[in-house]
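Engineer: Input: one structure, supplied below.
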Amino acid sequence: MGTVFYISAGLATLSVALAMSSNQAVHALLYILAALLALSLNLFALGNELFAVLLVIVYAGAIMVLFIFVVMLLNPPPSKVAPFSLRIFVRQFLGPLIISSVIFSQFLMVLISREPTQIVSNQLSSQDIASALFNDGWYFVEMLSMLLTAAFVGAFHLGKRRKI
Amino acid sequence: MIAMSAQMPLYLASAIFVLGVFGFLVRRNLIFLFLSVEIMMLAAGYAFLAISNENSDVDGQLMFFMILAVAAAEVCVGLALIIRFDERNKSLNADVASHLKG
Amino acid sequence: MYLGLVILAPLAGFLTLLIFGSALSRRLICVIGVMSIAISFAFSLACALEYTEASTLIAWTWIPSDSGFFEPLQIGFYLDHLSLMMICMVTFVATWIAMFSVQFMEEEEGISRFFASMNLFVASMLILVLADNLLLLLLGWEGVGLCSYLLIGFWYQNADAHRAATKAFITTRIGDVGLLIAILIIAATLGSLVIQDLAGLAMSEWGMNSATATIVALCLLFAATGKSAQLPLQTWLPDAMLGPTPVSALIHAATMVTAGVYLIARLSGLFALSSTAQTGVLIVGAVTLLVGGFSALAQSDLKRVLAYSTMSQIGYMFLALGAGAYSAAMFHLLTHAFFKALLFLSAGVIGYAAHHEYNMFNLGGLKKTLPLAYYSFLVGALCLCALPLVTSGFYSKEFILSGVLFSVNGGVFAWACGIVGAFVTGLYTFRAITLTFFGEPRTAIEHQPGILMALPLLVLGVFSVGIGFIQMPESVFDVKIFENWLDGLFPNMLVRHVAFLSENLALVVASVVSVAGIIFGVLIFRTAKPKDNLLTHGFRFDEINKMLLITPFSFVSHFFRRDIFGRIATMMAELFMVLANFLGRAQSGRLSDYASFAAFSISFILVVGFLVLR
């Protein structure tokens with residue numbers, strides 16, 4: 001299981017680096033998505049399966065998807081369509097191909113292997129986290145919900161079509 | 001393999017954080033700036049998780065919840081603002097927004 | 001007793017014209033104006049005829065003094081050979097110039113103002129010449145400066161004339177500071193301002209070549225350069241030609257500009273105490289005579305040629321004074337007064353006839369159309385160029401050059417400057433004559449001069465030729481009337497022998513050079529063109545003065561124009577505003593810049609903290 005940790009760590013770093021150096025917004029977002037998947041693997045290897053899943057569902061599944069939708073909304077129309085070039089296609093295709101294949105291989109490894117999945121013996125379980133959140137830290141939840149409501153209202157207001 | 005120590009996750013978190021900072025300083029496109037901020041927050045949250053796993057302290061997990069929720073709220077409002085900005089200035093270049101110059 | 005009347009006549013004329021001038025008819029004004037000066041001349045002649053020995057006429061006590069050190073100051077007029085010569089010359093020339101200006105100014109308004117100023121001028125000049133103490137001399141000195149301002153700026157509606165008058169007044173005023181300092185030092189150290197006592201007192205109090213003597217003498221030299229238009233205060237004279245031409249003739253040829261020479265001659269006893277100052281006088285004279293001469297070569301305006309010529313000739317006088325040849329300087333002063341007044345009045349005839357056109361390149365062919373002007377100008381020019389043996393200029397220039405050559409304080413180098421100056425004099429004078437009088441006429445003649453103009457020209461012409469014969473060198477005729485007249489007044493000049501140059505050889509060289517200048521002047525400048533170069537602008541001294549003095553001074557006065565303490569207080573606020581503007585440039589309004597600043601500062605703090613807390 002130690003190898004999963006290291007490989008996913010390297011993957012996450014590589015993905016973020018590729019994201020930062022890409023020209024197109026959508027490419028960057030997808031690289032970040034790959035980074036999130038890798039990080040989720042990493043968290044799983046550390047024994048924190050709750051947040052591994054939460055990362056994928058909330059962060060990658062909601063926030064990044066929102067990002068991608070907005071970028072698709074804002075993308076200016078292409079001025080001209082460049083003729084298809086195999087070299088560029090391969091270059092653009094290669095990075096994601098490698099990353100996704102490695103992630104997939106790691107997933108497979110975790111699924112197939114019979115060893116204990118955690119490398120760190122974790123005292124915390126999901127029940128502990130949940131009970132801490134809703135018993136002692138209930139005000140936390142209330143605060144966050146208020147925050148989210150405010151964000152919701154703000155975004156609604158800002159996004160309304162209005163006469164300029 | 002390098003022996004797994006308590007600082008390994010922190011190295012990862014700092015690497016991703018630095019990449020985020022670098023991206024924030026260098027890019028001009030608003031989307032990329034926003035993205036870099038998200039990466040920085042992700043790295044910070046990951047660091048919280050790693051440390052709380054190490055010390056079996058539940059407070060770090062709660063912090064990550066907070067960061068998650070705040071990131072969500074922020075992305076909401078921020079993207080709405082970016083849409084507005086783009087409508088107004090016809091461009092996503094952060095240098096365009098320099099009315100407070102001088 | 002006639003001495004008082006000599007001064008009172010022009011003063012009375014001034015007061016009459018000042019008070020009643022507007023009520024009198026033009027003819028009466030002219031009569032009063034001319035007659036008061038003529039009466040003054042008559043009384044000067046009477047003084048000359050009655051003269052037995054040097055005497056002082058005390059009018060009253062001006063500043064009484066009880067202290068034992070200071071002598072009470074009296075209004076006194078001292079008549080000796082030198083001042084007698086001066087008052088006769090001044091009143092004589094002034095009379096004829098006044099007569100000339102009656103016709104010259106016949107169409108001008110403000111004639112009473114003109115004659116009033118002229119009378120005041122003559123009175124001040126007489127006071128200056130006759131003063132027995134330095135403070136009374138200062139009174140006359142300032143008076144002539146004032147009248148110079150009034151008369152140069154006579155046509156006050158002309159902005160250029162007004163500027164020229166102000167420039168003349170201020171420049172001479174700067175020189176007057178030197179005179180004032182000298183007077184104060186003399187009064188403080190010697191206790192008396194009576195000129196005749198000064199030489200003896202100074203000898204005992206200061207001693208030969210002492211610092212005080214040198215300082216006082218240099219201050220007096222500075223004052224003299226201001227009034228006599230020598231370096232460094234010479235820039236006002238060419239511009240002063242914007243006044244009426246009789247004014248130029250009287251003030252800037254014959255009388256006021258010679259006041260500086262007179263001052264140094266009178267105080268020769270003080271100058272004898274400081275060899276540094278004498279060398280200074282010599283250098284000032286030599287440089288100015290060359291500057292004036294060369295500048296005159298490039299002028300377009302006839303009167304400016306004459307102005308630079310005056311500057312150059314007074315340089316000759318200073319040269320003689322510096323070398324110790326005081327009699328030579330005074331003789332040249334006398335002859336120069338006559339022929340320069342003649343030259344200026346001839347130019348006045350041209351101005352009167354051609355409607356104030358003095359640009360030589362617009363005149364021409366006046367030999368045929370204005371013969372009076374031509375012949376009088378020619379006579380004056382030949383005297384100026386020192387045509388050998390017949391003109392007074394020759395004898396006076398000879399006297400100066402031989403004095404300078406054989407004096408211990410002078411020498412061959414100063415003599416060589418004088419020789420070069422003589423050549424240049426011939427060049428520029430006959431350039432002016434060729435351009436103005438020969439060739440094709442380019443301007444129409446409006447009126448011909450009348451008797452009131454012709455008579456002064458005639459008289460001055462006769463005198464400028466004839467006055468020379470009272471002092472001739474030994475090899476010609478050995479007449480020494482002038483020198484004997486002024487004998488004993490000045491310190492004796494030390495002479496020495498010069499190798500390779502005997503007196504006769506020097507005489508011949510000077511004569512040849514003068515004639516060569518005349519000939520070359522006619523030949524070279526037949527086809528002259530208007531010039532605009534360094535020489536035309538008088539070696540750019542105006543620009544030098546502006547750069548060195550005027551610009552810093554006006555900068556300082558502009559800086560202090562408002563309440564200085566208020567400015568210091570607001571300067572604090574201004575400083576902060578400047579700082580704010582400077583630092584405000586860091587706010588570019590760009591997000592990336594701010595982010596960079598923040599990232600840099602944070603990393604800096606982290607690194608420093610890490611190193612410190614290690």
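How things are named: the first chain in the structure tokens is A, the next is B, and so on; residues count from 1 in each chain; ligands count from 1 in the order shown.
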Report the residues of chain A whose backbone DSSP state falls under alpha helix (DSSP H), written as number ranges by chain.
Structural biologist: A: 2-20, 25-46, 49-54, 64-74, 86-112, 126-131, 138-159
Engineer: With a distance cut-off of 8 Å and only C-alpha atoms, select the neighbouring residues of C:Leu250, excluding the residue or stretch itself and same-chain residues fewer than 4 positions from it, and output the selection as a list in words.
Structural biologist: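 Surrounding residues, per the criterion: Val93, Ala94, Ile97, Pro246, Ala254, Thr255, Met256 and Ala341 of chain C.
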Engineer: I want to know what sits within 12 Å of C:Phe154, based on only C-alpha atoms, with residues of the same chain fewer than 3 positions away left out; could you give that as a ChimeraX atom specification?
Structural biologist: /C:105,108-118,147-151,157-166,240-248
Engineer: Could you write out as a compact mmCIF listing (two decimals) with all heavy atoms, in the first residue's frame the residues of chain B within 9 Å of chain C, counting only C-alpha atoms?
Structural biologist:
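The new file part-v5.txt reads:
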```
# COMPACT_ATOMS: atom_id res chain seq x y z
N VAL B 21 0.47 28.65 -5.93
CA VAL B 21 0.96 30.03 -5.80
C VAL B 21 1.61 30.48 -7.11
O VAL B 21 1.36 31.58 -7.62
CB VAL B 21 1.98 30.14 -4.65
CG1 VAL B 21 2.66 31.49 -4.69
CG2 VAL B 21 1.29 29.95 -3.33
N PHE B 24 -0.89 31.30 -9.62
CA PHE B 24 -1.60 32.53 -9.33
C PHE B 24 -0.78 33.76 -9.73
O PHE B 24 -1.32 34.75 -10.25
CB PHE B 24 -1.93 32.59 -7.84
CG PHE B 24 -2.77 33.77 -7.47
CD1 PHE B 24 -4.11 33.78 -7.75
CD2 PHE B 24 -2.20 34.88 -6.86
CE1 PHE B 24 -4.89 34.86 -7.43
CE2 PHE B 24 -2.99 35.95 -6.54
CZ PHE B 24 -4.33 35.95 -6.80
N LEU B 25 0.51 33.68 -9.52
CA LEU B 25 1.34 34.84 -9.84
C LEU B 25 1.54 35.01 -11.33
O LEU B 25 1.68 36.12 -11.83
CB LEU B 25 2.71 34.71 -9.15
CG LEU B 25 2.69 34.76 -7.65
CD1 LEU B 25 4.10 34.62 -7.13
CD2 LEU B 25 2.11 36.07 -7.17
N VAL B 26 1.55 33.88 -12.03
CA VAL B 26 1.98 33.98 -13.43
C VAL B 26 0.81 34.19 -14.38
O VAL B 26 0.91 34.96 -15.32
CB VAL B 26 2.75 32.70 -13.81
CG1 VAL B 26 2.95 32.63 -15.30
CG2 VAL B 26 4.07 32.69 -13.11
N ARG B 27 -0.32 33.54 -14.13
CA ARG B 27 -1.39 33.58 -15.13
C ARG B 27 -2.16 34.89 -15.04
O ARG B 27 -2.25 35.52 -14.00
CB ARG B 27 -2.37 32.44 -14.89
CG ARG B 27 -1.76 31.09 -14.80
CD ARG B 27 -0.96 30.70 -16.02
NE ARG B 27 -1.79 30.60 -17.20
CZ ARG B 27 -1.88 29.51 -17.97
NH1 ARG B 27 -1.22 28.44 -17.64
NH2 ARG B 27 -2.64 29.50 -19.02
N ARG B 28 -2.72 35.26 -16.22
CA ARG B 28 -3.51 36.49 -16.25
C ARG B 28 -5.00 36.23 -16.43
O ARG B 28 -5.81 37.05 -16.10
CB ARG B 28 -3.03 37.38 -17.40
CG ARG B 28 -1.82 38.19 -17.06
CD ARG B 28 -1.50 39.17 -18.17
NE ARG B 28 -1.73 38.57 -19.48
CZ ARG B 28 -0.81 37.91 -20.16
NH1 ARG B 28 0.39 37.72 -19.65
NH2 ARG B 28 -1.09 37.41 -21.35
N ALA B 94 -6.99 39.77 -16.31
CA ALA B 94 -7.03 40.45 -15.02
C ALA B 94 -6.42 41.85 -15.10
O ALA B 94 -6.76 42.73 -14.31
CB ALA B 94 -6.30 39.63 -13.96
N ASP B 95 -5.53 42.09 -16.06
CA ASP B 95 -4.92 43.41 -16.16
C ASP B 95 -5.91 44.47 -16.61
O ASP B 95 -5.68 45.66 -16.44
CB ASP B 95 -3.76 43.39 -17.16
CG ASP B 95 -2.57 42.65 -16.59
OD1 ASP B 95 -2.55 42.45 -15.37
OD2 ASP B 95 -1.69 42.27 -17.37
N VAL B 96 -7.04 44.03 -17.19
CA VAL B 96 -8.04 44.99 -17.63
C VAL B 96 -8.66 45.69 -16.42
O VAL B 96 -9.06 46.84 -16.49
CB VAL B 96 -9.12 44.26 -18.45
CG1 VAL B 96 -10.31 45.14 -18.68
CG2 VAL B 96 -8.54 43.79 -19.75
N ALA B 97 -8.68 44.96 -15.29
CA ALA B 97 -9.32 45.52 -14.11
C ALA B 97 -8.33 46.34 -13.31
O ALA B 97 -7.95 45.99 -12.21
CB ALA B 97 -9.88 44.40 -13.25
N SER B 98 -7.87 47.45 -13.88
CA SER B 98 -6.90 48.27 -13.16
C SER B 98 -7.39 49.69 -13.02
O SER B 98 -6.63 50.64 -13.14
CB SER B 98 -5.55 48.25 -13.88
OG SER B 98 -5.72 48.66 -15.21
N HIS B 99 -8.68 49.87 -12.72
CA HIS B 99 -9.20 51.22 -12.53
C HIS B 99 -8.69 51.87 -11.26
O HIS B 99 -8.71 53.08 -11.12
CB HIS B 99 -10.72 51.19 -12.49
CG HIS B 99 -11.32 50.89 -13.82
ND1 HIS B 99 -11.29 51.78 -14.85
CD2 HIS B 99 -11.95 49.79 -14.28
CE1 HIS B 99 -11.89 51.22 -15.90
NE2 HIS B 99 -12.30 50.03 -15.58
N LEU B 100 -8.23 51.05 -10.30
CA LEU B 100 -7.74 51.60 -9.06
C LEU B 100 -6.26 51.92 -9.14
O LEU B 100 -5.56 51.95 -8.15
CB LEU B 100 -7.98 50.60 -7.91
CG LEU B 100 -9.41 50.57 -7.39
CD1 LEU B 100 -9.52 49.55 -6.30
CD2 LEU B 100 -9.81 51.93 -6.88
N LYS B 101 -5.81 52.18 -10.33
CA LYS B 101 -4.39 52.44 -10.51
C LYS B 101 -4.02 53.78 -9.91
O LYS B 101 -4.76 54.75 -10.02
CB LYS B 101 -4.14 52.48 -12.02
CG LYS B 101 -2.73 52.59 -12.46
CD LYS B 101 -2.73 52.64 -13.99
CE LYS B 101 -1.47 53.27 -14.51
NZ LYS B 101 -0.41 52.30 -14.72
N GLY B 102 -2.87 53.86 -9.25
CA GLY B 102 -2.31 55.14 -8.83
C GLY B 102 -2.79 55.69 -7.51
O GLY B 102 -3.48 55.09 -6.77
```
Engineer: Show me which bits of chain A are within 8 Å of chain B, counting only C-alpha atoms, as a PyMOL selection string.
Structural biologist: chain A and resi 2-3+9+12-13+16-17+20+25+29+46-48+58-59+63+67+70-71+74+122-124+128-129+132-133+140+144+147-148+151-152+154-155+158-159
Engineer: Which residues are close to C:Leu267, i.e. within 9 Å by only C-alpha atoms, leaving aside same-chain residues fewer than 2 positions away? Reply as a ChimeraX atom specification.
Structural biologist: /C:195-196,198-199,217,220,262-265,269-272,490
Engineer: Grab the residues selected above and save them as a compact mmCIF listing (two decimals), in the first residue's frame with N, CA and C atoms.
Structural biologist:
```txt
# COMPACT_ATOMS: atom_id res chain seq x y z
N ILE C 195 39.50 114.89 -1.19
CA ILE C 195 40.33 114.19 -2.16
C ILE C 195 41.79 114.58 -2.05
N GLN C 196 42.03 115.86 -1.87
CA GLN C 196 43.42 116.31 -1.88
C GLN C 196 44.21 115.78 -0.72
N LEU C 198 43.72 112.80 0.60
CA LEU C 198 43.68 111.35 0.67
C LEU C 198 45.02 110.70 0.39
N ALA C 199 45.74 111.24 -0.57
CA ALA C 199 46.99 110.58 -0.97
C ALA C 199 47.95 110.50 0.20
N ALA C 217 41.40 100.44 -4.13
CA ALA C 217 41.66 100.79 -5.52
C ALA C 217 40.86 99.90 -6.48
N LEU C 220 37.34 101.06 -6.59
CA LEU C 220 37.23 102.26 -7.42
C LEU C 220 37.31 101.89 -8.90
N TYR C 262 38.17 110.08 -15.16
CA TYR C 262 38.44 111.21 -14.28
C TYR C 262 38.62 110.74 -12.84
N LEU C 263 37.77 109.81 -12.42
CA LEU C 263 37.85 109.31 -11.05
C LEU C 263 39.22 108.72 -10.76
N ILE C 264 39.66 107.86 -11.68
CA ILE C 264 40.95 107.22 -11.45
C ILE C 264 42.07 108.24 -11.52
N ALA C 265 41.95 109.21 -12.42
CA ALA C 265 43.01 110.22 -12.51
C ALA C 265 43.06 111.06 -11.24
N GLY C 269 46.70 109.18 -6.57
CA GLY C 269 47.52 108.97 -5.39
C GLY C 269 47.20 107.64 -4.72
N LEU C 270 45.92 107.28 -4.69
CA LEU C 270 45.54 105.99 -4.09
C LEU C 270 45.99 104.84 -4.97
N PHE C 271 45.84 105.02 -6.28
CA PHE C 271 46.21 103.93 -7.18
C PHE C 271 47.71 103.69 -7.17
N ALA C 272 48.46 104.76 -6.89
CA ALA C 272 49.91 104.59 -6.87
C ALA C 272 50.34 103.70 -5.73
N PHE C 490 49.99 114.45 -10.81
CA PHE C 490 49.97 113.00 -10.79
C PHE C 490 51.29 112.46 -10.30
```
Engineer: Within 12 Å of C:Gly364, counting only C-alpha atoms, which residues qualify if same-chain residues fewer than 4 places away don't, as a PyMOL selection string?
Structural biologist: chain C and resi 302+350+354+357-360+368-370+374+432-445+526
Engineer: Could you take the residues named above and write them with N, CA and C atoms, as a PDB file, in the first residue's frame?
Structural biologist:
```
ATOM      1  N   LEU C 302      25.004 102.145 -37.360  1.00  0.00           N
ATOM      2  CA  LEU C 302      26.096 103.108 -37.323  1.00  0.00           C
ATOM      3  C   LEU C 302      26.391 103.558 -35.900  1.00  0.00           C
ATOM      4  N   ILE C 350      22.589 112.459 -40.148  1.00  0.00           N
ATOM      5  CA  ILE C 350      22.048 111.373 -40.986  1.00  0.00           C
ATOM      6  C   ILE C 350      20.683 110.947 -40.460  1.00  0.00           C
ATOM      7  N   ALA C 354      17.395 111.165 -42.619  1.00  0.00           N
ATOM      8  CA  ALA C 354      16.853 109.904 -43.140  1.00  0.00           C
ATOM      9  C   ALA C 354      15.873 109.272 -42.184  1.00  0.00           C
ATOM     10  N   GLU C 357      17.026 106.451 -39.574  1.00  0.00           N
ATOM     11  CA  GLU C 357      17.544 105.204 -40.130  1.00  0.00           C
ATOM     12  C   GLU C 357      19.037 105.168 -39.895  1.00  0.00           C
ATOM     13  N   TYR C 358      19.478 104.254 -39.064  1.00  0.00           N
ATOM     14  CA  TYR C 358      20.910 104.190 -38.766  1.00  0.00           C
ATOM     15  C   TYR C 358      21.573 102.914 -39.264  1.00  0.00           C
ATOM     16  N   ASN C 359      20.782 102.040 -39.882  1.00  0.00           N
ATOM     17  CA  ASN C 359      21.364 100.791 -40.350  1.00  0.00           C
ATOM     18  C   ASN C 359      22.203 101.071 -41.587  1.00  0.00           C
ATOM     19  N   MET C 360      23.502 100.796 -41.494  1.00  0.00           N
ATOM     20  CA  MET C 360      24.413 101.173 -42.568  1.00  0.00           C
ATOM     21  C   MET C 360      24.093 100.460 -43.863  1.00  0.00           C
ATOM     22  N   LYS C 368      27.084 112.256 -51.621  1.00  0.00           N
ATOM     23  CA  LYS C 368      26.533 113.268 -52.520  1.00  0.00           C
ATOM     24  C   LYS C 368      25.376 114.001 -51.882  1.00  0.00           C
ATOM     25  N   THR C 369      24.523 113.238 -51.164  1.00  0.00           N
ATOM     26  CA  THR C 369      23.272 113.849 -50.725  1.00  0.00           C
ATOM     27  C   THR C 369      23.409 114.598 -49.405  1.00  0.00           C
ATOM     28  N   LEU C 370      24.337 114.204 -48.537  1.00  0.00           N
ATOM     29  CA  LEU C 370      24.506 114.914 -47.276  1.00  0.00           C
ATOM     30  C   LEU C 370      25.979 115.291 -47.122  1.00  0.00           C
ATOM     31  N   TYR C 374      28.960 114.070 -44.416  1.00  0.00           N
ATOM     32  CA  TYR C 374      30.122 113.334 -44.909  1.00  0.00           C
ATOM     33  C   TYR C 374      31.408 113.974 -44.442  1.00  0.00           C
ATOM     34  N   ALA C 432      32.602 101.627 -41.787  1.00  0.00           N
ATOM     35  CA  ALA C 432      31.364 102.391 -41.602  1.00  0.00           C
ATOM     36  C   ALA C 432      31.227 103.472 -42.651  1.00  0.00           C
ATOM     37  N   ILE C 433      32.345 104.166 -42.919  1.00  0.00           N
ATOM     38  CA  ILE C 433      32.268 105.252 -43.903  1.00  0.00           C
ATOM     39  C   ILE C 433      31.952 104.698 -45.281  1.00  0.00           C
ATOM     40  N   THR C 434      32.638 103.611 -45.644  1.00  0.00           N
ATOM     41  CA  THR C 434      32.402 103.036 -46.972  1.00  0.00           C
ATOM     42  C   THR C 434      30.951 102.631 -47.144  1.00  0.00           C
ATOM     43  N   LEU C 435      30.409 101.980 -46.112  1.00  0.00           N
ATOM     44  CA  LEU C 435      29.034 101.508 -46.237  1.00  0.00           C
ATOM     45  C   LEU C 435      28.039 102.659 -46.251  1.00  0.00           C
ATOM     46  N   THR C 436      28.289 103.665 -45.405  1.00  0.00           N
ATOM     47  CA  THR C 436      27.288 104.708 -45.251  1.00  0.00           C
ATOM     48  C   THR C 436      27.370 105.758 -46.347  1.00  0.00           C
ATOM     49  N   PHE C 437      28.574 106.135 -46.699  1.00  0.00           N
ATOM     50  CA  PHE C 437      28.685 107.315 -47.545  1.00  0.00           C
ATOM     51  C   PHE C 437      28.983 107.005 -49.004  1.00  0.00           C
ATOM     52  N   PHE C 438      29.567 105.855 -49.267  1.00  0.00           N
ATOM     53  CA  PHE C 438      29.867 105.558 -50.661  1.00  0.00           C
ATOM     54  C   PHE C 438      28.804 104.647 -51.214  1.00  0.00           C
ATOM     55  N   GLY C 439      28.916 104.298 -52.443  1.00  0.00           N
ATOM     56  CA  GLY C 439      27.979 103.361 -53.046  1.00  0.00           C
ATOM     57  C   GLY C 439      26.675 104.013 -53.456  1.00  0.00           C
ATOM     58  N   GLU C 440      25.705 103.161 -53.668  1.00  0.00           N
ATOM     59  CA  GLU C 440      24.420 103.643 -54.176  1.00  0.00           C
ATOM     60  C   GLU C 440      23.514 104.046 -53.034  1.00  0.00           C
ATOM     61  N   PRO C 441      22.749 105.105 -53.198  1.00  0.00           N
ATOM     62  CA  PRO C 441      21.841 105.503 -52.113  1.00  0.00           C
ATOM     63  C   PRO C 441      20.712 104.495 -51.974  1.00  0.00           C
ATOM     64  N   ARG C 442      20.433 104.147 -50.730  1.00  0.00           N
ATOM     65  CA  ARG C 442      19.349 103.176 -50.523  1.00  0.00           C
ATOM     66  C   ARG C 442      18.208 103.762 -49.733  1.00  0.00           C
ATOM     67  N   THR C 443      18.380 104.967 -49.222  1.00  0.00           N
ATOM     68  CA  THR C 443      17.286 105.596 -48.469  1.00  0.00           C
ATOM     69  C   THR C 443      17.115 107.013 -48.972  1.00  0.00           C
ATOM     70  N   ALA C 444      15.870 107.484 -48.926  1.00  0.00           N
ATOM     71  CA  ALA C 444      15.624 108.848 -49.390  1.00  0.00           C
ATOM     72  C   ALA C 444      15.920 109.841 -48.286  1.00  0.00           C
ATOM     73  N   ILE C 445      16.355 111.022 -48.680  1.00  0.00           N
ATOM     74  CA  ILE C 445      16.656 112.079 -47.715  1.00  0.00           C
ATOM     75  C   ILE C 445      15.437 112.974 -47.585  1.00  0.00           C
ATOM     76  N   ARG C 526      34.293  97.171 -49.053  1.00  0.00           N
ATOM     77  CA  ARG C 526      33.452  97.738 -50.114  1.00  0.00           C
ATOM     78  C   ARG C 526      32.259  96.860 -50.382  1.00  0.00           C
TER      79      ARG C 526
END
```
Engineer: Counting only C-alpha atoms, what is within 7 Å of stretch 169-179 of chain C, bar same-chain residues fewer than 3 positions away, as a PyMOL selection string?
Structural biologist: chain C and resi 145+149+165-166+182-183+219-220+222-223+225-227+233+236
Engineer: May I ask for the distance between atom CA of C:Ser40 and atom CA of C:Pro72, given in Å to one decimal place?
Structural biologist: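 Going from atom CA of C:Ser40 over to atom CA of C:Pro72 covers 29.2 Å.
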Engineer: Find the distance between atom CA of C:Gly33 and atom CA of C:Val90 and write it in Å to one decimal.
Structural biologist: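 Taking atom CA of C:Gly33 as the start and atom CA of C:Val90 as the end point, the length is 15.3 Å.
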Engineer: What's around C:Val462 at 12 Å? Count only C-alpha atoms, leave out sequence neighbours fewer than 5 positions away in its own chain, and write the answer as an MDAnalysis selection string.
Structural biologist: chainID C and resid 335 338:339 342 375:376 379:380 383 390:392 455:457 467:469
Engineer: Take the residues from that selection and write them out as a CSV table (one decimal), in the first residue's frame, keeping N, CA, C and O atoms.
Structural biologist:
```
chain,number,residue,atom,x,y,z
C,335,THR,N,40.8,115.1,-26.5
C,335,THR,CA,40.6,115.0,-27.9
C,335,THR,C,39.5,114.1,-28.3
C,335,THR,O,38.7,114.4,-29.2
C,338,PHE,N,36.1,115.8,-28.3
C,338,PHE,CA,35.7,116.6,-29.5
C,338,PHE,C,35.4,115.7,-30.7
C,338,PHE,O,34.4,115.9,-31.3
C,339,PHE,N,36.3,114.8,-31.0
C,339,PHE,CA,36.0,114.1,-32.3
C,339,PHE,C,34.9,113.1,-32.1
C,339,PHE,O,34.2,112.8,-33.1
C,342,LEU,N,31.8,115.0,-32.5
C,342,LEU,CA,31.7,115.3,-33.9
C,342,LEU,C,31.1,114.1,-34.7
C,342,LEU,O,30.2,114.3,-35.4
C,375,TYR,N,31.5,115.3,-44.7
C,375,TYR,CA,32.8,115.9,-44.3
C,375,TYR,C,33.1,115.9,-42.9
C,375,TYR,O,34.2,115.7,-42.4
C,376,SER,N,32.0,116.2,-42.1
C,376,SER,CA,32.3,116.2,-40.6
C,376,SER,C,32.6,114.8,-40.1
C,376,SER,O,33.5,114.6,-39.3
C,379,VAL,N,36.2,114.0,-41.0
C,379,VAL,CA,37.2,114.7,-40.1
C,379,VAL,C,37.2,113.9,-38.8
C,379,VAL,O,38.3,113.6,-38.3
C,380,GLY,N,36.1,113.6,-38.2
C,380,GLY,CA,36.1,112.9,-37.0
C,380,GLY,C,36.7,111.5,-37.1
C,380,GLY,O,37.4,111.1,-36.3
C,383,CYS,N,40.4,111.7,-37.3
C,383,CYS,CA,41.0,111.9,-35.9
C,383,CYS,C,41.0,110.6,-35.1
C,383,CYS,O,41.9,110.3,-34.4
C,390,VAL,N,48.4,115.3,-38.8
C,390,VAL,CA,47.4,116.4,-39.0
C,390,VAL,C,46.3,116.4,-38.0
C,390,VAL,O,45.7,117.4,-37.7
C,391,THR,N,46.0,115.2,-37.4
C,391,THR,CA,44.8,115.1,-36.6
C,391,THR,C,45.2,115.1,-35.1
C,391,THR,O,46.3,114.7,-34.7
C,392,SER,N,44.3,115.5,-34.2
C,392,SER,CA,44.6,115.5,-32.8
C,392,SER,C,44.6,114.1,-32.3
C,392,SER,O,45.4,113.8,-31.4
C,455,LEU,N,26.6,124.6,-37.6
C,455,LEU,CA,27.5,125.4,-36.8
C,455,LEU,C,28.3,124.6,-35.7
C,455,LEU,O,29.5,124.6,-35.7
C,456,PRO,N,27.5,123.8,-34.9
C,456,PRO,CA,28.2,122.9,-34.0
C,456,PRO,C,29.2,122.0,-34.7
C,456,PRO,O,30.3,121.7,-34.2
C,457,LEU,N,28.8,121.4,-35.8
C,457,LEU,CA,29.7,120.5,-36.5
C,457,LEU,C,31.0,121.2,-36.9
C,457,LEU,O,32.1,120.7,-36.8
C,467,ILE,N,43.0,120.9,-31.5
C,467,ILE,CA,43.4,120.7,-30.1
C,467,ILE,C,44.6,119.8,-30.0
C,467,ILE,O,45.3,119.8,-29.0
C,468,GLY,N,44.9,119.1,-31.1
C,468,GLY,CA,46.0,118.2,-31.0
C,468,GLY,C,47.3,118.9,-30.9
C,468,GLY,O,48.3,118.3,-30.4
C,469,PHE,N,47.4,120.1,-31.4
C,469,PHE,CA,48.7,120.7,-31.6
C,469,PHE,C,49.3,121.2,-30.3
C,469,PHE,O,50.3,121.8,-30.3
```
